[in-house]
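K.L.:
I have a structure here, written as structure tokens, and I will follow up with some questions on it.
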Amino acid sequence: MEKRVTVGRAADNNFIIEQLAISGHHAVITMHDSENFSIEDLGSTNGTYVNGNKVKSARITVHDKVKLGNVEISLLKVFGLETDPNKSAIKNIVNIVNPNLAGINPTVKQKIPNDFRKEFAKLRELHNQYTAKRQAIAKKYNMKMIQVRILISVLLGLASFGIMTALNEKSPLRYVISPLVMGVTMGVSMMAGNNPKKEEELKALKIELYKNYVCPNPKCKMQLGEKEWELWALNHTCPKCNAIWCD
């Protein structure tokens, strides 16, 4: 009976290799019997190699030298067929998270030092909360600004109407009052839009973000600024310390 194992860095693979050279879903290996295998590259970034030759798919045996990127793997290790652990060809940190395939035994799971995928995922909610709070502050003060502008416009409009009514129809002041009131209305409205409390709240919110929205590697702590989480996630790793952020 054939056994099929997916290999890669992502958590949903049957066989996980937590190395930067390995793609999230790097390759699939099929065991046809104890001597015959086949391997298929899944569009990986760093390629799949058999005996030094880059392949898209190939028939292989346990005697062939198979590398994913720059990581050499053992077919016996992948399918749990090796009886002597000292003969393992995999020296990198590897674990199996789905050992439900017949003949596949899980190894001990270990966390590599620069894997911060779980911690980085939490930063997404942090930035979403920051964006929501910023929008709430802007909405609150925009509503207040609109209310103030309406009130000022109404009061100055009434004052202008009263003055115009009191003046003689031939008075030259009638031609000055209207543009004067309009200018005052616009000036006061602009002043109402510059609210110091709003700027203070936004500044405090930004400072709080900058304290926590950083690379999750405690040895790095590179600030991520106000840039959206999804844009940082495109890097997959920290540009400063190379910590793994996501697959």
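Identifiers in this document derive from the order of the structure tokens: chains are assigned A, B, ..., residues are numbered from 1 separately in each chain, and ligands are numbered from 1 in order of occurrence.
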Would you kindly return, as a PDB file with all heavy atoms, in the first residue's frame, each protein, DNA or RNA residue with an atom no farther than 12 Å from any atom of region 71-73 of chain A, considering only C-alpha atoms and excluding same-chain residues fewer than 4 positions away?

P.N.:
```pdb
ATOM      1  N   VAL A   7       5.931  17.339   2.897  1.00  0.00           N
ATOM      2  CA  VAL A   7       7.077  17.866   3.639  1.00  0.00           C
ATOM      3  C   VAL A   7       7.145  19.373   3.442  1.00  0.00           C
ATOM      4  O   VAL A   7       7.004  19.880   2.321  1.00  0.00           O
ATOM      5  CB  VAL A   7       8.389  17.221   3.155  1.00  0.00           C
ATOM      6  CG1 VAL A   7       9.569  17.708   4.005  1.00  0.00           C
ATOM      7  CG2 VAL A   7       8.300  15.700   3.208  1.00  0.00           C
ATOM      8  N   GLY A   8       7.362  20.101   4.520  1.00  0.00           N
ATOM      9  CA  GLY A   8       7.477  21.553   4.427  1.00  0.00           C
ATOM     10  C   GLY A   8       7.582  22.188   5.791  1.00  0.00           C
ATOM     11  O   GLY A   8       7.674  21.502   6.813  1.00  0.00           O
ATOM     12  N   ARG A   9       7.537  23.515   5.816  1.00  0.00           N
ATOM     13  CA  ARG A   9       7.675  24.259   7.063  1.00  0.00           C
ATOM     14  C   ARG A   9       6.336  24.549   7.729  1.00  0.00           C
ATOM     15  O   ARG A   9       6.263  24.841   8.922  1.00  0.00           O
ATOM     16  CB  ARG A   9       8.393  25.585   6.776  1.00  0.00           C
ATOM     17  CG  ARG A   9       9.209  26.126   7.939  1.00  0.00           C
ATOM     18  CD  ARG A   9      10.043  27.316   7.539  1.00  0.00           C
ATOM     19  NE  ARG A   9       9.215  28.467   7.228  1.00  0.00           N
ATOM     20  CZ  ARG A   9       9.585  29.477   6.461  1.00  0.00           C
ATOM     21  NH1 ARG A   9      10.768  29.465   5.908  1.00  0.00           N
ATOM     22  NH2 ARG A   9       8.766  30.488   6.223  1.00  0.00           N
ATOM     23  N   PHE A  15       5.242  15.967   7.629  1.00  0.00           N
ATOM     24  CA  PHE A  15       6.624  15.987   8.117  1.00  0.00           C
ATOM     25  C   PHE A  15       7.130  17.418   8.039  1.00  0.00           C
ATOM     26  O   PHE A  15       7.214  18.001   6.959  1.00  0.00           O
ATOM     27  CB  PHE A  15       7.491  15.063   7.251  1.00  0.00           C
ATOM     28  CG  PHE A  15       8.822  14.728   7.857  1.00  0.00           C
ATOM     29  CD1 PHE A  15       8.936  13.696   8.774  1.00  0.00           C
ATOM     30  CD2 PHE A  15       9.950  15.436   7.511  1.00  0.00           C
ATOM     31  CE1 PHE A  15      10.165  13.373   9.327  1.00  0.00           C
ATOM     32  CE2 PHE A  15      11.179  15.123   8.070  1.00  0.00           C
ATOM     33  CZ  PHE A  15      11.291  14.083   8.975  1.00  0.00           C
ATOM     34  N   ILE A  16       7.422  18.020   9.184  1.00  0.00           N
ATOM     35  CA  ILE A  16       7.789  19.435   9.251  1.00  0.00           C
ATOM     36  C   ILE A  16       9.296  19.590   9.401  1.00  0.00           C
ATOM     37  O   ILE A  16       9.915  18.934  10.233  1.00  0.00           O
ATOM     38  CB  ILE A  16       7.090  20.130  10.432  1.00  0.00           C
ATOM     39  CG1 ILE A  16       5.578  20.092  10.250  1.00  0.00           C
ATOM     40  CG2 ILE A  16       7.571  21.584  10.568  1.00  0.00           C
ATOM     41  CD1 ILE A  16       4.824  20.635  11.424  1.00  0.00           C
ATOM     42  N   ILE A  17       9.880  20.459   8.568  1.00  0.00           N
ATOM     43  CA  ILE A  17      11.288  20.825   8.711  1.00  0.00           C
ATOM     44  C   ILE A  17      11.328  22.332   8.919  1.00  0.00           C
ATOM     45  O   ILE A  17      11.039  23.107   8.018  1.00  0.00           O
ATOM     46  CB  ILE A  17      12.118  20.436   7.467  1.00  0.00           C
ATOM     47  CG1 ILE A  17      11.992  18.937   7.185  1.00  0.00           C
ATOM     48  CG2 ILE A  17      13.580  20.824   7.661  1.00  0.00           C
ATOM     49  CD1 ILE A  17      12.746  18.473   5.962  1.00  0.00           C
ATOM     50  N   GLU A  18      11.655  22.743  10.112  1.00  0.00           N
ATOM     51  CA  GLU A  18      11.584  24.158  10.468  1.00  0.00           C
ATOM     52  C   GLU A  18      12.909  24.852  10.139  1.00  0.00           C
ATOM     53  O   GLU A  18      13.694  25.207  11.020  1.00  0.00           O
ATOM     54  CB  GLU A  18      11.223  24.313  11.942  1.00  0.00           C
ATOM     55  CG  GLU A  18       9.813  23.797  12.237  1.00  0.00           C
ATOM     56  CD  GLU A  18       9.436  23.932  13.694  1.00  0.00           C
ATOM     57  OE1 GLU A  18      10.304  23.679  14.548  1.00  0.00           O
ATOM     58  OE2 GLU A  18       8.277  24.272  13.984  1.00  0.00           O
ATOM     59  N   GLN A  19      13.144  25.023   8.857  1.00  0.00           N
ATOM     60  CA  GLN A  19      14.329  25.721   8.361  1.00  0.00           C
ATOM     61  C   GLN A  19      13.896  26.743   7.316  1.00  0.00           C
ATOM     62  O   GLN A  19      12.966  26.502   6.538  1.00  0.00           O
ATOM     63  CB  GLN A  19      15.321  24.731   7.744  1.00  0.00           C
ATOM     64  CG  GLN A  19      15.910  23.739   8.743  1.00  0.00           C
ATOM     65  CD  GLN A  19      16.827  24.399   9.762  1.00  0.00           C
ATOM     66  OE1 GLN A  19      17.543  25.339   9.431  1.00  0.00           O
ATOM     67  NE2 GLN A  19      16.796  23.930  10.985  1.00  0.00           N
ATOM     68  N   LEU A  20      14.587  27.882   7.264  1.00  0.00           N
ATOM     69  CA  LEU A  20      14.194  28.951   6.356  1.00  0.00           C
ATOM     70  C   LEU A  20      14.310  28.540   4.892  1.00  0.00           C
ATOM     71  O   LEU A  20      13.598  29.060   4.034  1.00  0.00           O
ATOM     72  CB  LEU A  20      15.068  30.190   6.605  1.00  0.00           C
ATOM     73  CG  LEU A  20      14.852  30.893   7.955  1.00  0.00           C
ATOM     74  CD1 LEU A  20      15.806  32.057   8.089  1.00  0.00           C
ATOM     75  CD2 LEU A  20      13.419  31.372   8.096  1.00  0.00           C
ATOM     76  N   ALA A  21      15.198  27.598   4.587  1.00  0.00           N
ATOM     77  CA  ALA A  21      15.366  27.160   3.201  1.00  0.00           C
ATOM     78  C   ALA A  21      14.187  26.320   2.713  1.00  0.00           C
ATOM     79  O   ALA A  21      14.023  26.098   1.517  1.00  0.00           O
ATOM     80  CB  ALA A  21      16.664  26.360   3.064  1.00  0.00           C
ATOM     81  N   ILE A  22      13.364  25.851   3.639  1.00  0.00           N
ATOM     82  CA  ILE A  22      12.223  24.998   3.311  1.00  0.00           C
ATOM     83  C   ILE A  22      10.978  25.854   3.117  1.00  0.00           C
ATOM     84  O   ILE A  22      10.673  26.714   3.939  1.00  0.00           O
ATOM     85  CB  ILE A  22      11.978  23.956   4.421  1.00  0.00           C
ATOM     86  CG1 ILE A  22      13.248  23.139   4.674  1.00  0.00           C
ATOM     87  CG2 ILE A  22      10.823  23.047   4.064  1.00  0.00           C
ATOM     88  CD1 ILE A  22      13.705  22.314   3.504  1.00  0.00           C
ATOM     89  N   SER A  23      10.251  25.623   2.033  1.00  0.00           N
ATOM     90  CA  SER A  23       9.007  26.359   1.787  1.00  0.00           C
ATOM     91  C   SER A  23       7.895  25.830   2.686  1.00  0.00           C
ATOM     92  O   SER A  23       8.011  24.750   3.280  1.00  0.00           O
ATOM     93  CB  SER A  23       8.592  26.213   0.326  1.00  0.00           C
ATOM     94  OG  SER A  23       9.532  26.830  -0.524  1.00  0.00           O
ATOM     95  N   HIS A  26       6.721  22.253   0.651  1.00  0.00           N
ATOM     96  CA  HIS A  26       7.887  22.126  -0.221  1.00  0.00           C
ATOM     97  C   HIS A  26       7.762  20.974  -1.216  1.00  0.00           C
ATOM     98  O   HIS A  26       7.962  21.152  -2.412  1.00  0.00           O
ATOM     99  CB  HIS A  26       9.149  21.932   0.629  1.00  0.00           C
ATOM    100  CG  HIS A  26      10.412  22.232  -0.118  1.00  0.00           C
ATOM    101  ND1 HIS A  26      11.188  23.336   0.136  1.00  0.00           N
ATOM    102  CD2 HIS A  26      11.031  21.570  -1.134  1.00  0.00           C
ATOM    103  CE1 HIS A  26      12.223  23.348  -0.683  1.00  0.00           C
ATOM    104  NE2 HIS A  26      12.158  22.281  -1.462  1.00  0.00           N
ATOM    105  N   ALA A  27       7.439  19.777  -0.724  1.00  0.00           N
ATOM    106  CA  ALA A  27       7.416  18.605  -1.609  1.00  0.00           C
ATOM    107  C   ALA A  27       6.497  17.536  -1.034  1.00  0.00           C
ATOM    108  O   ALA A  27       6.101  17.584   0.135  1.00  0.00           O
ATOM    109  CB  ALA A  27       8.827  18.047  -1.790  1.00  0.00           C
ATOM    110  N   ILE A  29       6.342  13.241  -0.910  1.00  0.00           N
ATOM    111  CA  ILE A  29       7.105  12.015  -1.165  1.00  0.00           C
ATOM    112  C   ILE A  29       6.162  10.829  -1.019  1.00  0.00           C
ATOM    113  O   ILE A  29       5.404  10.739  -0.044  1.00  0.00           O
ATOM    114  CB  ILE A  29       8.277  11.874  -0.186  1.00  0.00           C
ATOM    115  CG1 ILE A  29       9.179  13.120  -0.246  1.00  0.00           C
ATOM    116  CG2 ILE A  29       9.102  10.622  -0.514  1.00  0.00           C
ATOM    117  CD1 ILE A  29      10.285  13.119   0.796  1.00  0.00           C
ATOM    118  N   ILE A  39       9.290  11.502  -5.603  1.00  0.00           N
ATOM    119  CA  ILE A  39       9.219  12.810  -4.967  1.00  0.00           C
ATOM    120  C   ILE A  39       8.739  13.840  -5.983  1.00  0.00           C
ATOM    121  O   ILE A  39       9.077  13.761  -7.171  1.00  0.00           O
ATOM    122  CB  ILE A  39      10.594  13.228  -4.386  1.00  0.00           C
ATOM    123  CG1 ILE A  39      10.455  14.507  -3.556  1.00  0.00           C
ATOM    124  CG2 ILE A  39      11.647  13.387  -5.485  1.00  0.00           C
ATOM    125  CD1 ILE A  39      11.687  14.810  -2.713  1.00  0.00           C
ATOM    126  N   ASN A  46      13.241  27.234  -3.054  1.00  0.00           N
ATOM    127  CA  ASN A  46      14.650  26.838  -3.172  1.00  0.00           C
ATOM    128  C   ASN A  46      14.862  25.507  -3.875  1.00  0.00           C
ATOM    129  O   ASN A  46      15.989  25.034  -3.976  1.00  0.00           O
ATOM    130  CB  ASN A  46      15.295  26.817  -1.782  1.00  0.00           C
ATOM    131  CG  ASN A  46      15.337  28.205  -1.172  1.00  0.00           C
ATOM    132  OD1 ASN A  46      15.747  29.161  -1.810  1.00  0.00           O
ATOM    133  ND2 ASN A  46      14.880  28.326   0.065  1.00  0.00           N
ATOM    134  N   GLY A  47      13.801  24.891  -4.342  1.00  0.00           N
ATOM    135  CA  GLY A  47      13.941  23.714  -5.187  1.00  0.00           C
ATOM    136  C   GLY A  47      14.141  22.397  -4.461  1.00  0.00           C
ATOM    137  O   GLY A  47      14.398  22.336  -3.259  1.00  0.00           O
ATOM    138  N   THR A  48      14.006  21.311  -5.235  1.00  0.00           N
ATOM    139  CA  THR A  48      14.199  19.938  -4.756  1.00  0.00           C
ATOM    140  C   THR A  48      15.290  19.291  -5.604  1.00  0.00           C
ATOM    141  O   THR A  48      15.277  19.403  -6.831  1.00  0.00           O
ATOM    142  CB  THR A  48      12.889  19.144  -4.874  1.00  0.00           C
ATOM    143  OG1 THR A  48      11.892  19.774  -4.047  1.00  0.00           O
ATOM    144  CG2 THR A  48      13.078  17.702  -4.430  1.00  0.00           C
ATOM    145  N   TYR A  49      16.222  18.595  -4.946  1.00  0.00           N
ATOM    146  CA  TYR A  49      17.383  18.052  -5.643  1.00  0.00           C
ATOM    147  C   TYR A  49      17.544  16.567  -5.337  1.00  0.00           C
ATOM    148  O   TYR A  49      17.385  16.126  -4.184  1.00  0.00           O
ATOM    149  CB  TYR A  49      18.656  18.795  -5.234  1.00  0.00           C
ATOM    150  CG  TYR A  49      18.626  20.267  -5.580  1.00  0.00           C
ATOM    151  CD1 TYR A  49      18.003  21.181  -4.721  1.00  0.00           C
ATOM    152  CD2 TYR A  49      19.178  20.741  -6.757  1.00  0.00           C
ATOM    153  CE1 TYR A  49      17.956  22.534  -5.039  1.00  0.00           C
ATOM    154  CE2 TYR A  49      19.134  22.095  -7.085  1.00  0.00           C
ATOM    155  CZ  TYR A  49      18.526  22.987  -6.218  1.00  0.00           C
ATOM    156  OH  TYR A  49      18.474  24.308  -6.532  1.00  0.00           O
ATOM    157  N   VAL A  50      17.867  15.797  -6.369  1.00  0.00           N
ATOM    158  CA  VAL A  50      18.170  14.381  -6.242  1.00  0.00           C
ATOM    159  C   VAL A  50      19.554  14.148  -6.822  1.00  0.00           C
ATOM    160  O   VAL A  50      19.781  14.409  -8.015  1.00  0.00           O
ATOM    161  CB  VAL A  50      17.122  13.507  -6.963  1.00  0.00           C
ATOM    162  CG1 VAL A  50      17.510  12.031  -6.875  1.00  0.00           C
ATOM    163  CG2 VAL A  50      15.733  13.726  -6.374  1.00  0.00           C
ATOM    164  N   ASN A  51      20.468  13.725  -5.962  1.00  0.00           N
ATOM    165  CA  ASN A  51      21.867  13.487  -6.373  1.00  0.00           C
ATOM    166  C   ASN A  51      22.468  14.726  -7.051  1.00  0.00           C
ATOM    167  O   ASN A  51      23.195  14.635  -8.040  1.00  0.00           O
ATOM    168  CB  ASN A  51      21.952  12.283  -7.317  1.00  0.00           C
ATOM    169  CG  ASN A  51      21.482  11.004  -6.643  1.00  0.00           C
ATOM    170  OD1 ASN A  51      21.702  10.806  -5.448  1.00  0.00           O
ATOM    171  ND2 ASN A  51      20.821  10.139  -7.394  1.00  0.00           N
ATOM    172  N   GLY A  52      22.124  15.905  -6.538  1.00  0.00           N
ATOM    173  CA  GLY A  52      22.678  17.154  -7.037  1.00  0.00           C
ATOM    174  C   GLY A  52      21.926  17.765  -8.191  1.00  0.00           C
ATOM    175  O   GLY A  52      22.243  18.889  -8.613  1.00  0.00           O
ATOM    176  N   VAL A  62      16.200   4.736  -1.362  1.00  0.00           N
ATOM    177  CA  VAL A  62      16.813   5.156  -0.099  1.00  0.00           C
ATOM    178  C   VAL A  62      18.296   5.454  -0.275  1.00  0.00           C
ATOM    179  O   VAL A  62      18.922   6.064   0.609  1.00  0.00           O
ATOM    180  CB  VAL A  62      16.614   4.085   0.983  1.00  0.00           C
ATOM    181  CG1 VAL A  62      15.147   3.948   1.344  1.00  0.00           C
ATOM    182  CG2 VAL A  62      17.188   2.746   0.531  1.00  0.00           C
ATOM    183  N   HIS A  63      18.867   5.038  -1.385  1.00  0.00           N
ATOM    184  CA  HIS A  63      20.293   5.256  -1.613  1.00  0.00           C
ATOM    185  C   HIS A  63      20.573   6.583  -2.302  1.00  0.00           C
ATOM    186  O   HIS A  63      21.728   7.008  -2.386  1.00  0.00           O
ATOM    187  CB  HIS A  63      20.868   4.106  -2.464  1.00  0.00           C
ATOM    188  CG  HIS A  63      20.602   2.752  -1.876  1.00  0.00           C
ATOM    189  ND1 HIS A  63      21.173   2.334  -0.687  1.00  0.00           N
ATOM    190  CD2 HIS A  63      19.815   1.718  -2.305  1.00  0.00           C
ATOM    191  CE1 HIS A  63      20.756   1.108  -0.407  1.00  0.00           C
ATOM    192  NE2 HIS A  63      19.932   0.714  -1.371  1.00  0.00           N
ATOM    193  N   ASP A  64      19.534   7.256  -2.806  1.00  0.00           N
ATOM    194  CA  ASP A  64      19.717   8.544  -3.456  1.00  0.00           C
ATOM    195  C   ASP A  64      19.892   9.650  -2.422  1.00  0.00           C
ATOM    196  O   ASP A  64      19.361   9.590  -1.305  1.00  0.00           O
ATOM    197  CB  ASP A  64      18.514   8.873  -4.349  1.00  0.00           C
ATOM    198  CG  ASP A  64      18.454   7.994  -5.586  1.00  0.00           C
ATOM    199  OD1 ASP A  64      19.489   7.836  -6.249  1.00  0.00           O
ATOM    200  OD2 ASP A  64      17.358   7.460  -5.861  1.00  0.00           O
ATOM    201  N   LYS A  65      20.635  10.684  -2.813  1.00  0.00           N
ATOM    202  CA  LYS A  65      20.840  11.851  -1.957  1.00  0.00           C
ATOM    203  C   LYS A  65      19.764  12.885  -2.295  1.00  0.00           C
ATOM    204  O   LYS A  65      19.748  13.455  -3.384  1.00  0.00           O
ATOM    205  CB  LYS A  65      22.225  12.445  -2.189  1.00  0.00           C
ATOM    206  CG  LYS A  65      22.572  13.599  -1.258  1.00  0.00           C
ATOM    207  CD  LYS A  65      23.996  14.072  -1.495  1.00  0.00           C
ATOM    208  CE  LYS A  65      24.358  15.219  -0.548  1.00  0.00           C
ATOM    209  NZ  LYS A  65      25.749  15.694  -0.771  1.00  0.00           N
ATOM    210  N   VAL A  66      18.855  13.100  -1.359  1.00  0.00           N
ATOM    211  CA  VAL A  66      17.715  13.991  -1.584  1.00  0.00           C
ATOM    212  C   VAL A  66      17.876  15.235  -0.708  1.00  0.00           C
ATOM    213  O   VAL A  66      18.082  15.134   0.503  1.00  0.00           O
ATOM    214  CB  VAL A  66      16.381  13.292  -1.258  1.00  0.00           C
ATOM    215  CG1 VAL A  66      15.212  14.238  -1.496  1.00  0.00           C
ATOM    216  CG2 VAL A  66      16.229  12.024  -2.089  1.00  0.00           C
ATOM    217  N   LYS A  67      17.753  16.406  -1.348  1.00  0.00           N
ATOM    218  CA  LYS A  67      17.858  17.664  -0.613  1.00  0.00           C
ATOM    219  C   LYS A  67      16.676  18.563  -0.964  1.00  0.00           C
ATOM    220  O   LYS A  67      16.295  18.663  -2.131  1.00  0.00           O
ATOM    221  CB  LYS A  67      19.164  18.391  -0.956  1.00  0.00           C
ATOM    222  CG  LYS A  67      20.421  17.677  -0.483  1.00  0.00           C
ATOM    223  CD  LYS A  67      21.684  18.433  -0.851  1.00  0.00           C
ATOM    224  CE  LYS A  67      21.821  19.706  -0.066  1.00  0.00           C
ATOM    225  NZ  LYS A  67      23.112  20.393  -0.349  1.00  0.00           N
ATOM    226  N   LYS A  77      14.018   8.166   7.545  1.00  0.00           N
ATOM    227  CA  LYS A  77      13.571   8.995   8.663  1.00  0.00           C
ATOM    228  C   LYS A  77      12.169   9.532   8.419  1.00  0.00           C
ATOM    229  O   LYS A  77      11.309   9.529   9.308  1.00  0.00           O
ATOM    230  CB  LYS A  77      14.540  10.163   8.851  1.00  0.00           C
ATOM    231  CG  LYS A  77      14.251  11.025  10.066  1.00  0.00           C
ATOM    232  CD  LYS A  77      14.637  10.312  11.337  1.00  0.00           C
ATOM    233  CE  LYS A  77      14.489  11.242  12.530  1.00  0.00           C
ATOM    234  NZ  LYS A  77      14.860  10.578  13.785  1.00  0.00           N
ATOM    235  N   VAL A  78      11.921   9.979   7.181  1.00  0.00           N
ATOM    236  CA  VAL A  78      10.621  10.542   6.838  1.00  0.00           C
ATOM    237  C   VAL A  78       9.503   9.531   7.053  1.00  0.00           C
ATOM    238  O   VAL A  78       8.433   9.853   7.575  1.00  0.00           O
ATOM    239  CB  VAL A  78      10.620  11.051   5.379  1.00  0.00           C
ATOM    240  CG1 VAL A  78       9.214  11.413   4.936  1.00  0.00           C
ATOM    241  CG2 VAL A  78      11.542  12.261   5.234  1.00  0.00           C
ATOM    242  N   PHE A  79       9.740   8.281   6.666  1.00  0.00           N
ATOM    243  CA  PHE A  79       8.698   7.250   6.764  1.00  0.00           C
ATOM    244  C   PHE A  79       8.829   6.373   8.002  1.00  0.00           C
ATOM    245  O   PHE A  79       8.117   5.380   8.142  1.00  0.00           O
ATOM    246  CB  PHE A  79       8.715   6.382   5.496  1.00  0.00           C
ATOM    247  CG  PHE A  79       8.176   7.090   4.288  1.00  0.00           C
ATOM    248  CD1 PHE A  79       9.028   7.771   3.420  1.00  0.00           C
ATOM    249  CD2 PHE A  79       6.814   7.117   4.028  1.00  0.00           C
ATOM    250  CE1 PHE A  79       8.531   8.436   2.320  1.00  0.00           C
ATOM    251  CE2 PHE A  79       6.318   7.784   2.918  1.00  0.00           C
ATOM    252  CZ  PHE A  79       7.175   8.449   2.058  1.00  0.00           C
ATOM    253  N   LYS A  87      21.921   6.604  12.553  1.00  0.00           N
ATOM    254  CA  LYS A  87      22.123   6.659  11.114  1.00  0.00           C
ATOM    255  C   LYS A  87      21.283   7.742  10.454  1.00  0.00           C
ATOM    256  O   LYS A  87      21.267   7.862   9.235  1.00  0.00           O
ATOM    257  CB  LYS A  87      21.764   5.305  10.475  1.00  0.00           C
ATOM    258  CG  LYS A  87      22.695   4.175  10.889  1.00  0.00           C
ATOM    259  CD  LYS A  87      22.297   2.893  10.203  1.00  0.00           C
ATOM    260  CE  LYS A  87      23.218   1.741  10.616  1.00  0.00           C
ATOM    261  NZ  LYS A  87      22.815   0.474   9.946  1.00  0.00           N
ATOM    262  N   SER A  88      20.600   8.507  11.258  1.00  0.00           N
ATOM    263  CA  SER A  88      19.724   9.538  10.687  1.00  0.00           C
ATOM    264  C   SER A  88      20.520  10.551   9.880  1.00  0.00           C
ATOM    265  O   SER A  88      21.558  11.033  10.310  1.00  0.00           O
ATOM    266  CB  SER A  88      18.969  10.265  11.809  1.00  0.00           C
ATOM    267  OG  SER A  88      18.247  11.324  11.281  1.00  0.00           O
ATOM    268  N   ALA A  89      20.005  10.866   8.675  1.00  0.00           N
ATOM    269  CA  ALA A  89      20.674  11.847   7.810  1.00  0.00           C
ATOM    270  C   ALA A  89      20.194  13.259   8.094  1.00  0.00           C
ATOM    271  O   ALA A  89      20.740  14.214   7.581  1.00  0.00           O
ATOM    272  CB  ALA A  89      20.419  11.509   6.349  1.00  0.00           C
ATOM    273  N   ILE A  90      19.142  13.382   8.897  1.00  0.00           N
ATOM    274  CA  ILE A  90      18.609  14.708   9.207  1.00  0.00           C
ATOM    275  C   ILE A  90      19.233  15.196  10.497  1.00  0.00           C
ATOM    276  O   ILE A  90      19.023  14.621  11.556  1.00  0.00           O
ATOM    277  CB  ILE A  90      17.078  14.684   9.346  1.00  0.00           C
ATOM    278  CG1 ILE A  90      16.456  14.333   8.006  1.00  0.00           C
ATOM    279  CG2 ILE A  90      16.555  16.017   9.826  1.00  0.00           C
ATOM    280  CD1 ILE A  90      14.973  14.378   8.004  1.00  0.00           C
ATOM    281  N   LYS A  91      19.998  16.231  10.428  1.00  0.00           N
ATOM    282  CA  LYS A  91      20.640  16.812  11.598  1.00  0.00           C
ATOM    283  C   LYS A  91      19.961  18.111  12.006  1.00  0.00           C
ATOM    284  O   LYS A  91      20.293  18.685  13.018  1.00  0.00           O
ATOM    285  CB  LYS A  91      22.125  17.069  11.309  1.00  0.00           C
ATOM    286  CG  LYS A  91      22.892  15.780  11.024  1.00  0.00           C
ATOM    287  CD  LYS A  91      24.353  16.067  10.761  1.00  0.00           C
ATOM    288  CE  LYS A  91      25.115  14.775  10.471  1.00  0.00           C
ATOM    289  NZ  LYS A  91      26.544  15.021  10.191  1.00  0.00           N
ATOM    290  N   ASN A  92      19.023  18.554  11.167  1.00  0.00           N
ATOM    291  CA  ASN A  92      18.265  19.755  11.494  1.00  0.00           C
ATOM    292  C   ASN A  92      17.104  19.390  12.409  1.00  0.00           C
ATOM    293  O   ASN A  92      16.774  18.220  12.585  1.00  0.00           O
ATOM    294  CB  ASN A  92      17.728  20.415  10.215  1.00  0.00           C
ATOM    295  CG  ASN A  92      18.860  20.815   9.295  1.00  0.00           C
ATOM    296  OD1 ASN A  92      19.638  21.703   9.612  1.00  0.00           O
ATOM    297  ND2 ASN A  92      18.965  20.142   8.172  1.00  0.00           N
ATOM    298  N   ILE A  93      16.475  20.401  12.981  1.00  0.00           N
ATOM    299  CA  ILE A  93      15.375  20.167  13.907  1.00  0.00           C
ATOM    300  C   ILE A  93      14.127  19.850  13.123  1.00  0.00           C
ATOM    301  O   ILE A  93      13.632  20.670  12.369  1.00  0.00           O
ATOM    302  CB  ILE A  93      15.170  21.389  14.807  1.00  0.00           C
ATOM    303  CG1 ILE A  93      16.444  21.624  15.611  1.00  0.00           C
ATOM    304  CG2 ILE A  93      13.987  21.205  15.723  1.00  0.00           C
ATOM    305  CD1 ILE A  93      16.412  22.893  16.417  1.00  0.00           C
ATOM    306  N   VAL A  94      13.576  18.648  13.297  1.00  0.00           N
ATOM    307  CA  VAL A  94      12.473  18.154  12.492  1.00  0.00           C
ATOM    308  C   VAL A  94      11.451  17.515  13.413  1.00  0.00           C
ATOM    309  O   VAL A  94      11.786  16.951  14.438  1.00  0.00           O
ATOM    310  CB  VAL A  94      12.991  17.109  11.468  1.00  0.00           C
ATOM    311  CG1 VAL A  94      11.835  16.466  10.726  1.00  0.00           C
ATOM    312  CG2 VAL A  94      13.937  17.769  10.491  1.00  0.00           C
TER     313      VAL A  94
END
```

K.L.:
If we count only C-alpha atoms, what is near region 114-127 of chain A at a cut-off of 8 Å, once residues fewer than 2 positions away on the same chain are taken out, given as a PyMOL selection string?

P.N.:
chain A and resi 111-112+129-131+209+213+215-217+226+228-230+242-247

K.L.:
Using only C-alpha atoms, which residues sit within 12 Å of Thr61 (chain A) once same-chain residues fewer than 6 positions away are excluded, as a ChimeraX atom specification?

P.N.:
/A:29-39,50-51,74-76

K.L.:
Save out the residues we just selected, C-alpha atoms, as a PDB file, in the first residue's frame.

P.N.:
```
ATOM      1  CA  ILE A  29       7.105  12.015  -1.165  1.00  0.00           C
ATOM      2  CA  THR A  30       5.351   8.732  -1.968  1.00  0.00           C
ATOM      3  CA  MET A  31       6.578   5.338  -0.806  1.00  0.00           C
ATOM      4  CA  HIS A  32       5.471   2.689  -3.336  1.00  0.00           C
ATOM      5  CA  ASP A  33       7.257  -0.097  -1.433  1.00  0.00           C
ATOM      6  CA  SER A  34      10.283  -0.381   0.861  1.00  0.00           C
ATOM      7  CA  GLU A  35      12.679   0.132  -2.059  1.00  0.00           C
ATOM      8  CA  ASN A  36      10.849   2.464  -4.425  1.00  0.00           C
ATOM      9  CA  PHE A  37       9.842   6.038  -3.776  1.00  0.00           C
ATOM     10  CA  SER A  38       8.926   9.128  -5.781  1.00  0.00           C
ATOM     11  CA  ILE A  39       9.219  12.810  -4.967  1.00  0.00           C
ATOM     12  CA  VAL A  50      18.170  14.381  -6.242  1.00  0.00           C
ATOM     13  CA  ASN A  51      21.867  13.487  -6.373  1.00  0.00           C
ATOM     14  CA  SER A  74      16.517  10.704   4.809  1.00  0.00           C
ATOM     15  CA  LEU A  75      13.636   8.744   3.317  1.00  0.00           C
ATOM     16  CA  LEU A  76      13.990   6.202   6.117  1.00  0.00           C
TER      17      LEU A  76
END
```

K.L.:
Within region 35-81 of chain A, find each residue whose DSSP state, derived from the backbone, is helix (DSSP H, G or I), and express the selection as a list in words.

P.N.:
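Residues meeting the helix (DSSP H, G or I) criterion: Leu75, Leu76, Lys77 and Val78 of chain A.
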